[in-house]
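Trainee: Below is the file structure04.txt, which contains compact mmCIF, C-alpha atoms and all ligand atoms.
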# COMPACT_ATOMS: atom_id res chain seq x y z
CA MET A 213 137.45 -118.87 -45.72
CA ARG A 214 135.39 -115.70 -45.31
CA THR A 215 135.12 -112.49 -47.24
CA GLN A 216 132.68 -109.63 -47.66
CA VAL A 217 132.08 -110.08 -51.40
CA GLY A 218 132.85 -113.34 -53.21
CA ILE A 219 133.40 -112.60 -56.88
CA ILE A 220 133.15 -115.39 -59.46
CA GLY A 221 135.13 -114.60 -62.63
CA ALA A 222 138.23 -112.51 -63.35
CA GLY A 223 136.98 -110.86 -66.53
CA PRO A 224 136.40 -107.11 -66.80
CA ALA A 225 133.32 -107.25 -64.52
CA GLY A 226 134.93 -109.27 -61.71
CA LEU A 227 138.31 -107.56 -61.65
CA LEU A 228 136.93 -104.05 -61.91
CA LEU A 229 134.39 -104.76 -59.17
CA SER A 230 137.11 -106.08 -56.88
CA HIS A 231 139.16 -102.92 -57.56
CA LEU A 232 136.23 -100.53 -56.97
CA LEU A 233 135.31 -102.32 -53.74
CA HIS A 234 138.89 -102.16 -52.51
CA LEU A 235 138.90 -98.37 -53.02
CA GLN A 236 135.95 -98.21 -50.59
CA GLY A 237 137.64 -100.47 -48.04
CA ILE A 238 135.50 -103.52 -48.90
CA GLU A 239 137.23 -106.90 -49.05
CA SER A 240 136.62 -109.38 -51.85
CA ILE A 241 138.04 -112.64 -53.15
CA VAL A 242 137.99 -113.31 -56.91
CA LEU A 243 137.72 -116.94 -58.07
CA GLU A 244 138.68 -117.63 -61.69
CA ALA A 245 138.59 -120.91 -63.61
CA ARG A 246 141.41 -120.03 -66.04
CA SER A 247 145.07 -119.33 -65.37
CA GLN A 248 146.34 -115.76 -64.99
CA GLN A 249 148.25 -116.19 -68.24
CA GLN A 250 145.11 -117.26 -70.14
CA VAL A 251 143.14 -114.32 -68.75
CA GLU A 252 145.91 -111.91 -69.76
CA LYS A 253 146.17 -113.27 -73.31
CA ARG A 254 142.58 -113.86 -74.43
CA VAL A 255 141.83 -111.57 -77.40
CA ARG A 256 138.38 -110.01 -77.13
CA ALA A 257 137.10 -106.44 -77.02
CA GLY A 258 139.07 -103.38 -77.96
CA ILE A 259 136.95 -100.25 -77.78
CA LEU A 260 136.39 -98.37 -74.54
CA GLU A 261 133.64 -95.79 -74.22
CA GLN A 262 134.47 -92.36 -72.85
CA GLY A 263 132.80 -93.25 -69.52
CA THR A 264 134.83 -96.46 -69.18
CA VAL A 265 138.04 -94.54 -69.90
CA ASP A 266 137.07 -91.92 -67.30
CA LEU A 267 136.26 -94.61 -64.72
CA LEU A 268 139.63 -96.34 -65.21
CA ASN A 269 141.43 -93.00 -64.93
CA GLU A 270 139.49 -91.79 -61.90
CA THR A 271 140.23 -95.02 -60.05
CA GLY A 272 143.97 -95.00 -60.77
CA VAL A 273 144.26 -97.82 -63.32
CA GLY A 274 144.34 -95.79 -66.54
CA ALA A 275 148.00 -94.74 -66.80
CA ARG A 276 149.16 -97.41 -69.28
CA MET A 277 145.94 -97.03 -71.29
CA MET A 278 146.61 -93.28 -71.60
CA ARG A 279 150.15 -93.97 -72.83
CA GLN A 280 149.44 -96.86 -75.19
CA GLY A 281 145.77 -96.54 -76.15
CA LEU A 282 144.66 -94.79 -79.33
CA VAL A 283 142.05 -92.06 -78.95
CA HIS A 284 139.50 -92.12 -81.78
CA HIS A 285 137.35 -89.10 -82.56
CA GLY A 286 135.11 -90.75 -85.14
CA ILE A 287 134.30 -93.82 -87.24
CA GLU A 288 133.67 -94.39 -90.94
CA LEU A 289 130.53 -96.03 -92.28
CA GLN A 290 131.02 -97.57 -95.74
CA PHE A 291 128.28 -98.48 -98.19
CA GLY A 292 128.04 -98.37 -101.96
CA HIS A 293 131.90 -98.33 -102.00
CA GLU A 294 131.94 -94.88 -100.37
CA ARG A 295 132.82 -93.87 -96.83
CA ARG A 296 131.13 -91.31 -94.65
CA ARG A 297 132.54 -90.18 -91.35
CA ILE A 298 130.69 -89.85 -88.06
CA ASP A 299 132.55 -87.15 -86.16
CA PHE A 300 132.16 -87.89 -82.44
CA GLN A 301 133.98 -84.76 -81.32
CA GLU A 302 131.69 -82.46 -83.18
CA LEU A 303 128.47 -84.40 -82.56
CA THR A 304 128.95 -85.13 -78.83
CA ALA A 305 130.66 -81.96 -77.64
CA GLY A 306 134.17 -83.37 -77.53
CA LYS A 307 133.72 -87.02 -76.56
CA SER A 308 135.75 -89.88 -78.03
CA VAL A 309 136.48 -93.59 -77.58
CA MET A 310 139.74 -95.38 -76.79
CA VAL A 311 141.22 -98.31 -78.69
CA TYR A 312 142.86 -100.41 -75.96
CA ALA A 313 142.60 -104.20 -75.83
CA GLN A 314 140.44 -105.86 -73.19
CA HIS A 315 143.29 -108.11 -72.07
CA GLU A 316 145.46 -105.03 -71.48
CA VAL A 317 142.72 -103.60 -69.23
CA LEU A 318 142.70 -106.94 -67.41
CA LYS A 319 146.50 -106.88 -66.97
CA ASP A 320 146.25 -103.38 -65.47
CA LEU A 321 143.47 -104.44 -63.09
CA ILE A 322 145.26 -107.64 -62.04
CA GLU A 323 148.40 -105.64 -61.33
CA ALA A 324 146.49 -103.10 -59.24
CA ARG A 325 144.79 -105.86 -57.24
CA LEU A 326 148.08 -107.68 -56.62
CA VAL A 327 149.87 -104.48 -55.56
CA ALA A 328 147.04 -103.90 -53.05
CA GLN A 329 147.44 -107.51 -51.86
CA GLY A 330 143.98 -108.38 -53.13
CA GLN A 331 143.09 -112.07 -53.28
CA LEU A 332 142.77 -113.45 -56.81
CA LEU A 333 142.55 -117.24 -57.03
CA PHE A 334 143.19 -118.52 -60.55
CA GLU A 335 142.64 -122.07 -61.81
CA VAL A 336 139.83 -122.95 -59.43
CA ASP A 337 137.55 -125.84 -60.43
CA ASP A 338 134.01 -127.01 -59.75
CA VAL A 339 132.69 -123.69 -58.47
CA THR A 340 129.16 -123.82 -57.04
CA VAL A 341 127.22 -121.11 -55.23
CA GLY A 342 124.60 -121.77 -52.53
CA ASP A 343 122.47 -120.33 -49.71
CA LEU A 344 121.79 -117.39 -51.97
CA ASP A 345 118.57 -116.43 -50.24
CA GLY A 346 120.08 -116.66 -46.74
CA SER A 347 122.27 -114.09 -44.98
CA LYS A 348 125.58 -115.93 -45.54
CA PRO A 349 125.80 -117.21 -49.11
CA LYS A 350 128.58 -119.71 -49.84
CA VAL A 351 130.89 -120.57 -52.67
CA GLN A 352 132.32 -124.08 -52.89
CA PHE A 353 135.24 -124.86 -55.17
CA ARG A 354 138.37 -126.93 -55.63
CA LYS A 355 141.83 -125.42 -55.67
CA ASP A 356 144.98 -127.50 -56.19
CA GLY A 357 142.88 -130.64 -55.75
CA SER A 358 141.37 -129.75 -52.34
CA SER A 359 137.78 -128.69 -51.63
CA GLN A 360 137.26 -125.23 -50.14
CA GLU A 361 134.33 -123.20 -48.91
CA LEU A 362 134.08 -119.41 -48.97
CA ILE A 363 131.43 -117.75 -46.78
CA CYS A 364 130.43 -114.29 -47.98
CA ASP A 365 128.05 -111.42 -47.25
CA PHE A 366 127.32 -111.17 -50.97
CA ILE A 367 128.25 -113.01 -54.17
CA ALA A 368 128.88 -111.23 -57.45
CA GLY A 369 128.27 -113.46 -60.49
CA CYS A 370 130.81 -112.04 -62.94
CA ASP A 371 131.43 -115.38 -64.64
CA GLY A 372 130.33 -114.54 -68.17
CA PHE A 373 127.65 -116.07 -70.35
CA HIS A 374 128.66 -119.71 -69.72
CA GLY A 375 129.23 -119.35 -65.98
CA VAL A 376 127.58 -121.09 -63.02
CA CYS A 377 125.94 -118.14 -61.25
CA ARG A 378 123.01 -117.41 -63.56
CA PRO A 379 122.02 -121.13 -63.70
CA ALA A 380 122.07 -121.16 -59.86
CA VAL A 381 119.04 -118.84 -59.80
CA PRO A 382 115.73 -120.77 -59.78
CA THR A 383 114.39 -120.66 -63.34
CA GLU A 384 110.97 -119.37 -62.26
CA VAL A 385 112.64 -116.21 -60.89
CA LEU A 386 114.39 -115.21 -64.13
CA ASN A 387 112.83 -113.76 -67.24
CA VAL A 388 114.98 -114.43 -70.29
CA PHE A 389 114.90 -112.22 -73.38
CA GLU A 390 116.89 -113.46 -76.36
CA ARG A 391 117.48 -113.03 -80.07
CA ILE A 392 119.95 -115.15 -82.03
CA TYR A 393 121.27 -113.73 -85.31
CA PRO A 394 121.62 -115.82 -88.47
CA PHE A 395 125.34 -114.96 -88.84
CA ALA A 396 128.63 -114.83 -86.95
CA TRP A 397 131.87 -112.82 -87.07
CA LEU A 398 135.15 -114.27 -88.19
CA GLY A 399 137.84 -112.14 -86.53
CA ILE A 400 141.57 -111.97 -87.16
CA LEU A 401 144.46 -110.24 -85.47
CA ALA A 402 147.14 -109.41 -88.03
CA GLN A 403 150.68 -108.11 -87.86
CA ALA A 404 149.87 -105.23 -90.20
CA PRO A 405 149.68 -101.48 -89.64
CA PRO A 406 146.01 -100.39 -89.62
CA SER A 407 145.02 -99.34 -93.15
CA SER A 408 142.83 -96.54 -91.82
CA LYS A 409 143.23 -94.01 -89.01
CA GLU A 410 139.70 -94.80 -87.81
CA LEU A 411 137.47 -97.88 -87.68
CA ILE A 412 135.53 -98.71 -90.84
CA TYR A 413 132.13 -100.42 -90.53
CA ALA A 414 131.27 -101.66 -94.04
CA TYR A 415 127.94 -102.79 -95.47
CA HIS A 416 128.53 -104.96 -98.54
CA GLU A 417 126.33 -107.27 -100.58
CA ARG A 418 128.60 -110.17 -99.57
CA GLY A 419 128.15 -109.28 -95.90
CA PHE A 420 129.48 -106.96 -93.20
CA ALA A 421 133.18 -106.22 -92.68
CA LEU A 422 134.95 -104.24 -89.97
CA LEU A 423 138.42 -102.79 -89.93
CA SER A 424 139.69 -102.14 -86.43
CA MET A 425 143.08 -102.14 -84.74
CA ARG A 426 144.97 -102.69 -81.54
CA SER A 427 148.11 -100.60 -82.06
CA PRO A 428 150.03 -98.81 -84.84
CA GLU A 429 151.43 -102.25 -85.80
CA ILE A 430 148.44 -104.58 -85.26
CA SER A 431 145.16 -104.68 -87.17
CA ARG A 432 141.96 -106.35 -85.98
CA LEU A 433 139.56 -107.26 -88.79
CA TYR A 434 136.22 -109.02 -88.97
CA VAL A 435 133.96 -110.42 -91.70
CA GLN A 436 130.38 -111.65 -91.37
CA CYS A 437 130.16 -115.41 -91.98
CA PRO A 438 127.50 -118.14 -91.58
CA PRO A 439 126.75 -118.94 -87.91
CA ASP A 440 127.76 -122.60 -88.20
CA ASP A 441 130.90 -121.96 -90.25
CA ASP A 442 134.13 -123.74 -89.34
CA ILE A 443 137.37 -121.75 -89.05
CA ARG A 444 139.08 -124.54 -91.02
CA ASN A 445 137.09 -123.37 -94.06
CA TRP A 446 138.90 -120.04 -93.92
CA SER A 447 142.50 -120.00 -95.10
CA ASP A 448 144.35 -116.73 -94.47
CA GLU A 449 144.25 -116.14 -98.21
CA ARG A 450 140.47 -116.51 -98.32
CA ILE A 451 140.04 -114.13 -95.36
CA TRP A 452 142.19 -111.43 -96.98
CA GLN A 453 140.39 -111.87 -100.29
CA GLU A 454 137.03 -111.37 -98.59
CA LEU A 455 138.30 -108.34 -96.68
CA HIS A 456 139.66 -106.78 -99.89
CA THR A 457 136.32 -107.27 -101.61
CA ARG A 458 134.11 -106.00 -98.82
CA LEU A 459 136.30 -103.02 -97.86
CA GLU A 460 137.09 -101.94 -101.43
CA CYS A 461 136.45 -98.26 -101.89
CA LEU A 462 136.09 -96.02 -104.94
CA ASP A 463 138.95 -93.67 -103.99
CA GLY A 464 141.65 -96.30 -104.59
CA TRP A 465 142.29 -96.98 -100.87
CA LYS A 466 144.43 -100.08 -100.19
CA LEU A 467 144.09 -102.67 -97.43
CA MET A 468 147.45 -103.64 -95.98
CA GLU A 469 148.01 -107.33 -95.30
CA GLY A 470 150.31 -109.04 -92.82
CA PRO A 471 150.77 -112.37 -91.03
CA VAL A 472 147.60 -113.56 -89.28
CA LEU A 473 148.43 -113.97 -85.57
CA GLN A 474 145.11 -115.31 -84.38
CA LYS A 475 141.70 -116.12 -85.84
CA GLY A 476 138.31 -117.29 -84.56
CA ILE A 477 134.56 -117.29 -85.14
CA THR A 478 132.10 -115.76 -82.66
CA GLY A 479 128.34 -116.29 -82.76
CA MET A 480 126.03 -113.34 -82.22
CA ARG A 481 123.13 -112.95 -79.87
CA SER A 482 121.19 -110.41 -77.87
CA PHE A 483 120.36 -111.73 -74.40
CA VAL A 484 119.09 -110.23 -71.14
CA VAL A 485 117.91 -111.76 -67.87
CA GLU A 486 115.68 -109.90 -65.46
CA PRO A 487 116.15 -109.38 -62.58
CA MET A 488 119.93 -109.32 -62.14
CA GLN A 489 119.63 -110.12 -58.42
CA TYR A 490 118.49 -113.16 -56.50
CA GLY A 491 118.81 -112.87 -52.72
CA ARG A 492 122.47 -112.05 -52.06
CA LEU A 493 123.64 -112.97 -55.56
CA PHE A 494 124.15 -110.10 -58.00
CA LEU A 495 124.81 -110.82 -61.68
CA ALA A 496 127.01 -108.39 -63.62
CA GLY A 497 128.38 -108.23 -67.17
CA ASP A 498 128.00 -111.09 -69.65
CA SER A 499 126.50 -113.38 -67.00
CA ALA A 500 123.36 -111.20 -67.18
CA HIS A 501 123.42 -109.93 -70.75
CA ILE A 502 125.05 -110.34 -74.14
CA VAL A 503 125.01 -107.84 -76.99
CA PRO A 504 125.99 -108.59 -80.58
CA PRO A 505 129.47 -107.05 -81.02
CA THR A 506 128.55 -104.37 -83.59
CA GLY A 507 129.03 -101.13 -81.66
CA ALA A 508 131.51 -102.64 -79.17
CA LYS A 509 129.40 -102.50 -76.04
CA GLY A 510 129.94 -105.74 -74.05
CA LEU A 511 132.94 -104.74 -71.95
CA ASN A 512 131.55 -101.26 -71.45
CA LEU A 513 128.24 -102.61 -70.16
CA ALA A 514 130.13 -104.85 -67.74
CA ALA A 515 131.98 -101.77 -66.43
CA ALA A 516 128.73 -99.82 -66.04
CA ASP A 517 127.10 -102.68 -64.08
CA VAL A 518 129.91 -103.02 -61.57
CA ARG A 519 130.11 -99.29 -61.08
CA VAL A 520 126.47 -99.37 -59.93
CA LEU A 521 127.06 -102.52 -57.84
CA SER A 522 130.17 -101.16 -56.13
CA ARG A 523 128.32 -97.99 -55.13
CA ALA A 524 125.39 -99.99 -53.78
CA LEU A 525 127.71 -102.23 -51.74
CA GLY A 526 129.61 -99.12 -50.62
CA GLU A 527 126.42 -97.61 -49.27
CA TYR A 528 125.46 -100.88 -47.56
CA TYR A 529 128.79 -101.18 -45.73
CA ALA A 530 128.90 -97.48 -44.86
CA SER A 531 125.34 -97.10 -43.57
CA GLY A 532 123.58 -100.48 -43.56
CA LYS A 533 121.08 -99.14 -46.11
CA ILE A 534 119.94 -101.58 -48.76
CA TYR A 535 118.06 -99.18 -51.01
CA LEU A 536 120.77 -99.06 -53.71
CA LEU A 537 121.27 -102.84 -53.58
CA ASP A 538 117.53 -103.36 -54.00
CA SER A 539 117.44 -101.04 -56.99
CA TYR A 540 120.65 -102.48 -58.59
CA SER A 541 118.82 -104.52 -61.17
CA THR A 542 116.37 -101.78 -62.16
CA THR A 543 119.10 -99.16 -62.37
CA CYS A 544 121.33 -101.33 -64.58
CA LEU A 545 118.53 -102.62 -66.80
CA ARG A 546 117.42 -99.13 -67.78
CA ARG A 547 120.79 -98.53 -69.42
CA ILE A 548 121.25 -102.13 -70.59
CA TRP A 549 118.07 -102.05 -72.67
CA LYS A 550 119.14 -98.84 -74.39
CA VAL A 551 122.50 -100.41 -75.20
CA GLN A 552 120.75 -103.58 -76.38
CA ARG A 553 118.66 -101.43 -78.69
CA PHE A 554 121.73 -99.69 -80.11
CA SER A 555 123.68 -102.94 -80.65
CA TRP A 556 120.69 -104.59 -82.31
CA TRP A 557 120.17 -101.52 -84.50
CA MET A 558 123.82 -101.29 -85.64
CA THR A 559 123.78 -105.04 -86.32
CA SER A 560 120.53 -104.88 -88.28
CA MET A 561 121.67 -101.92 -90.35
CA LEU A 562 125.05 -103.36 -91.34
CA HIS A 563 124.61 -107.13 -91.90
CA ARG A 564 123.09 -109.20 -94.67
CA PHE A 565 120.29 -111.39 -93.32
CA SER A 566 119.74 -114.83 -94.83
CA ASP A 567 116.08 -114.04 -95.53
CA ASP A 568 116.50 -110.45 -96.69
CA ASN A 569 115.12 -109.32 -100.01
CA PRO A 570 115.74 -106.36 -102.31
CA PHE A 571 113.37 -104.24 -100.23
CA ASP A 572 115.38 -104.88 -97.05
CA GLN A 573 118.65 -104.09 -98.82
CA ARG A 574 117.34 -100.78 -100.16
CA ARG A 575 115.98 -99.97 -96.71
CA GLN A 576 119.40 -100.65 -95.13
CA LEU A 577 121.11 -98.42 -97.70
CA ALA A 578 118.52 -95.69 -97.05
CA GLU A 579 119.18 -95.99 -93.33
CA LEU A 580 122.94 -95.65 -93.85
CA ASP A 581 122.37 -92.66 -96.10
CA TYR A 582 120.04 -91.11 -93.54
CA VAL A 583 122.26 -91.73 -90.53
CA THR A 584 125.26 -90.18 -92.30
CA SER A 585 123.41 -87.17 -93.73
CA SER A 586 120.93 -86.14 -91.03
CA ARG A 587 122.56 -84.36 -88.12
CA ALA A 588 119.88 -85.65 -85.74
CA ALA A 589 120.52 -89.27 -86.77
CA SER A 590 124.32 -88.84 -86.67
CA VAL A 591 124.11 -87.36 -83.17
CA SER A 592 122.06 -90.36 -82.06
CA LEU A 593 124.64 -92.83 -83.39
CA ALA A 594 127.55 -90.83 -81.98
CA GLU A 595 126.10 -90.38 -78.47
CA ASN A 596 125.37 -94.10 -78.22
CA TYR A 597 128.78 -95.11 -79.62
CA VAL A 598 130.81 -92.94 -77.21
CA GLY A 599 128.54 -94.23 -74.43
CA LEU A 600 125.32 -93.14 -72.76
CA PRO A 601 125.74 -91.53 -69.34
CA MET A 602 126.70 -94.08 -66.68
CA ASP A 603 124.09 -92.80 -64.18
P1 LIG A 701 134.02 -112.46 -69.31
O1 LIG A 701 134.98 -111.53 -69.92
O2 LIG A 701 133.43 -113.54 -70.07
O3 LIG A 701 134.65 -112.96 -67.94
C1 LIG A 701 134.10 -114.02 -67.21
C2 LIG A 701 135.21 -114.76 -66.50
O4 LIG A 701 134.64 -115.76 -65.67
C3 LIG A 701 136.14 -115.49 -67.47
O5 LIG A 701 137.48 -115.15 -67.19
C4 LIG A 701 135.84 -116.95 -67.24
O6 LIG A 701 136.98 -117.78 -67.40
C5 LIG A 701 135.38 -116.95 -65.79
N1 LIG A 701 134.50 -118.06 -65.45
C6 LIG A 701 133.49 -118.58 -66.19
N2 LIG A 701 132.90 -119.60 -65.54
C7 LIG A 701 133.55 -119.72 -64.37
C8 LIG A 701 133.40 -120.59 -63.28
N3 LIG A 701 132.49 -121.55 -63.26
N4 LIG A 701 134.24 -120.45 -62.22
C9 LIG A 701 135.19 -119.48 -62.23
N5 LIG A 701 135.37 -118.62 -63.26
C10 LIG A 701 134.55 -118.74 -64.30
N6 LIG A 701 132.95 -105.59 -75.91
C11 LIG A 701 133.23 -104.26 -76.00
O7 LIG A 701 132.83 -103.49 -75.12
N7 LIG A 701 133.98 -103.74 -77.03
C12 LIG A 701 134.44 -104.54 -78.02
O8 LIG A 701 135.15 -104.04 -78.90
C13 LIG A 701 134.11 -105.94 -77.98
N8 LIG A 701 134.56 -106.78 -78.94
C14 LIG A 701 134.39 -108.14 -78.76
C15 LIG A 701 134.94 -108.99 -79.70
C16 LIG A 701 134.80 -110.35 -79.55
C17 LIG A 701 135.39 -111.27 -80.59
C18 LIG A 701 134.12 -110.90 -78.40
C19 LIG A 701 134.00 -112.39 -78.18
C20 LIG A 701 133.57 -110.04 -77.46
C21 LIG A 701 133.69 -108.67 -77.63
N9 LIG A 701 133.16 -107.79 -76.71
C22 LIG A 701 133.37 -106.44 -76.85
C23 LIG A 701 132.44 -108.30 -75.56
C24 LIG A 701 133.30 -108.35 -74.29
O9 LIG A 701 134.49 -109.05 -74.55
C25 LIG A 701 132.52 -109.01 -73.16
O10 LIG A 701 131.26 -108.39 -73.06
C26 LIG A 701 133.26 -108.88 -71.82
O11 LIG A 701 134.35 -109.75 -71.79
C27 LIG A 701 132.33 -109.19 -70.63
O12 LIG A 701 133.06 -109.19 -69.45
P2 LIG A 701 132.62 -110.10 -68.23
O13 LIG A 701 133.63 -109.85 -67.16
O14 LIG A 701 131.19 -109.91 -67.94
O15 LIG A 701 132.72 -111.59 -68.76
C1 LIG A 702 136.09 -104.13 -82.24
C2 LIG A 702 135.04 -104.95 -81.93
C3 LIG A 702 133.77 -104.49 -82.15
O1 LIG A 702 132.71 -105.26 -81.82
C4 LIG A 702 133.53 -103.24 -82.70
O2 LIG A 702 132.27 -102.83 -82.93
C5 LIG A 702 134.59 -102.44 -82.99
C6 LIG A 702 135.88 -102.88 -82.75
C7 LIG A 702 137.47 -104.61 -82.00
O3 LIG A 702 137.63 -105.75 -81.57
O4 LIG A 702 138.42 -103.85 -82.26
Using the file provided, produce a representation of the structure as structure tokens.
Ligand code: FAD
Ligand code: DHB
Mentor:
Amino acid sequence: MRTQVGIIGAGPAGLLLSHLLHLQGIESIVLEARSQQQVEKRVRAGILEQGTVDLLNETGVGARMMRQGLVHHGIELQFGHERRRIDFQELTAGKSVMVYAQHEVLKDLIEARLVAQGQLLFEVDDVTVGDLDGSKPKVQFRKDGSSQELICDFIAGCDGFHGVCRPAVPTEVLNVFERIYPFAWLGILAQAPPSSKELIYAYHERGFALLSMRSPEISRLYVQCPPDDDIRNWSDERIWQELHTRLECLDGWKLMEGPVLQKGITGMRSFVVEPMQYGRLFLAGDSAHIVPPTGAKGLNLAAADVRVLSRALGEYYASGKIYLLDSYSTTCLRRIWKVQRFSWWMTSMLHRFSDDNPFDQRRQLAELDYVTSSRAASVSLAENYVGLPMD
């Protein structure tokens, strides 16, 4: 088999890249380890930056998102049992974010690729990439029990944090930057109308809590928990109890409960590799970087990476010029590090650390007070939350 761009992974990075390449007349084949059904059901991110929303709309895959997504013009920060609003509209000259589940974005992208007769191969096994520093890199894999080889001009490693592409780069080439946090998030999806019109990020002495949503009927809620905690320790009753405590507010606000549809624990880390290119392999999305979830940046960073990559490949196929491909890593990393900083900062401000002391707690409360009372600080939070410019 041959293609122009072999894409490993049908997550947001891989599927969006395949779509953006198709719009420029560039052929790709996407290889995905999971089934289509698993990809379309996996509950993950839910907040799209303004730039991600614009990109999906401009490239013709935003119609269902515009009908079903929820536009949010601000968030609430809660501390000391009070809430203070960050008004994105006012602070960023009219920008907002969209609540629309990651797996819905993936369904829309898969549909668009299938309508355009794009090649998506699900349930492939034993993927390996090779000849990365030559002119015809290869992907080997098994599909339906038989071994296959795909010869490409380029390979895009969009296979997430645990994929095979990043480990295929010689270790001496990659610089790894990492920070692991001493806590995790326990997340639930509940059949309950959201108890607030906007997201609530809560700092509490028992730990962080987040109220989010997926639709007018479905709530998405998170609580900070120990990093090695087991989901079996958390009955639904215990989770609701913890959410009630951490989200309790002086004005008598009530948290609405409902059946828990899904629950899981996610560890938290900040991670970046530099460079994001080795020969003809380009890493994009979670395969190159992870942010802690506070601030909802992972999917959006993946979208920003593949936007840069698709333009660079577009220029290469249109003119033979490699300047944009050569600067892919530098271009992406400039934005990635700013987003890393923001995600680390939101995480540090809102969580209890195992080794914190009364000084740290007072400092966090002062920071929350400052960020919600100084216009300069509120603008900084808002412009990062709605998304820094893509270029
Ligand atoms: P992935 O989505 O991980 O996709 C990689 C794909 O590659 C997967 O489908 C995987 O099956 C496939 N794959 C892996 N290995 C192989 C292989 N060897 N061969 C073939 N295929 C392979 N981000 C936000 O922006 N906003 C949020 O609100 C948000 N909330 C989150 C909440 C949670 C609980 C979690 C876990 C994450 C959240 N994120 C959020 C992060 C976001 O989900 C990720 O950053 C995003 O999925 C990254 O996309 P990706 O395409 O790079 O990688
Ligand atoms: C969601 C996840 C986040 O990490 C976040 O900061 C806000 C919302 C969510 O899943 O809805």
Trainee: Return the single residue from A:Gln453, A:Ser555, A:Ser447, A:Ser522 that is closest to ligand LIG 701 (chain A), with distances computed using all atoms listed in the file.
Mentor: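 Closest residue, counting all atoms listed in the file: A:Ser555.
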Trainee: List all protein, DNA and RNA residues that have any atom at most 7 Å from ligand LIG 702 (chain A), counting all atoms listed in the file, and write the list as JSON, numbers by chain.
Mentor: {"A": [256, 257, 258, 259, 424, 425, 426, 432, 505, 506, 507, 508]}
Trainee: I'd like to know which of A:Gly218, A:Gly292, A:Gly223, A:Gly372 is closest to Lys348 in chain A, using all atoms listed in the file.
Mentor: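 Closest to Lys348 in chain A, using all atoms listed in the file: A:Gly218.
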Trainee: Any residue with an atom at most 6 Å from ligand LIG 701 (chain A) counts, using all atoms listed in the file. Which are they? Put them as a VMD selection string.
Mentor: chain A and resid 220 to 226 243 to 246 251 256 to 259 339 370 to 372 374 to 376 478 497 to 499 505 508 to 512 514
Trainee: Using only C-alpha atoms, determine which residues lie at most 9 Å from Gln489 in chain A, disregarding the query and same-chain residues fewer than 6 positions distant; provide the list as a list in words.
Mentor: Val381, Leu495, Leu537, Asp538, Tyr540 and Ser541 of chain A
Trainee: Take the selection from the previous step and output its residues with C-alpha atoms, as a PDB file, keeping the file's coordinate frame.
Mentor:
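Result file part-v8.pdb:
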ATOM      1  CA  VAL A 381     119.040-118.840 -59.800  1.00  0.00           C
ATOM      2  CA  LEU A 495     124.810-110.820 -61.680  1.00  0.00           C
ATOM      3  CA  LEU A 537     121.270-102.840 -53.580  1.00  0.00           C
ATOM      4  CA  ASP A 538     117.530-103.360 -54.000  1.00  0.00           C
ATOM      5  CA  TYR A 540     120.650-102.480 -58.590  1.00  0.00           C
ATOM      6  CA  SER A 541     118.820-104.520 -61.170  1.00  0.00           C
TER       7      SER A 541
END
Trainee: Using only C-alpha atoms, which of A:Met480, A:Glu460, A:Gln248, A:Val551 sits nearest Val598 in chain A?
Mentor: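 Checking each candidate against Val598 in chain A, we get A:Val551 as the closest.
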Trainee: One number please: CA of Phe373 in chain A to CA of Gly357 in chain A, in Å, one decimal.
Mentor: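 Value for the CA of Phe373 in chain A-CA of Gly357 in chain A distance: 25.6 Å.
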Trainee: Could you list, as a VMD selection string, every residue within 12 Å of Arg523 in chain A, counting all atoms listed in the file and ignoring same-chain residues fewer than 6 positions away?
Mentor: chain A and resid 229 232 to 238 516 to 517 529 to 531 533 to 537 539 to 540 543 603
Trainee: Using Å and a single decimal, report how far CA of Met561 in chain A sits from CA of Glu579 in chain A.
Mentor: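 So the two atoms, CA of Glu579 in chain A and CA of Met561 in chain A, lie 7.1 Å apart.
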Trainee: So what do you get for CA of Lys253 in chain A versus CA of Lys475 in chain A, distance-wise?
Mentor: 13.6 Å
Trainee: Contacts between range 271-283 of chain A and range 385-471 of chain A, please, where a residue of range 385-471 of chain A counts if it comes within 12 Å (with all atoms listed in the file); show its shortest atom pair and distance in Å to one decimal, rows by chain and ascending number, as a tab-separated table.
Mentor:
residue	atom	partner	partner_atom	distance
A:Pro406	CA	A:Leu282	CA	11.8
A:Lys409	CA	A:Leu282	CA	9.8
A:Glu410	CA	A:Val283	CA	9.6
A:Leu411	CA	A:Leu282	CA	11.4
A:Ser424	CA	A:Leu282	CA	11.4
A:Met425	CA	A:Leu282	CA	9.3
A:Arg426	CA	A:Leu282	CA	8.2
A:Ser427	CA	A:Leu282	CA	7.3
A:Pro428	CA	A:Leu282	CA	8.7
A:Glu429	CA	A:Leu282	CA	12.0
Trainee: Rank nothing, just name the residue among A:Val518, A:Ile298, A:Ala380, A:Val591 nearest to Leu227 in chain A, using only C-alpha atoms.
Mentor: A:Val518
Trainee: May I have the residues within 9 Å of Glu361 in chain A as a list in words, using only C-alpha atoms and disregarding those fewer than 6 positions away in the same chain?
Mentor: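 Here the answer would be Met213, Arg214, Lys350, Val351, Gln352, Phe353 and Arg354 of chain A.
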Trainee: Just the residues within 12 Å of range 437-442 of chain A, please, counting only C-alpha atoms, with nothing from its chain fewer than 6 positions along; format it as an NGL selection string.
Mentor: :A and (392-399 or 418-421 or 451 or 454-455 or 475-481 or 563-566)
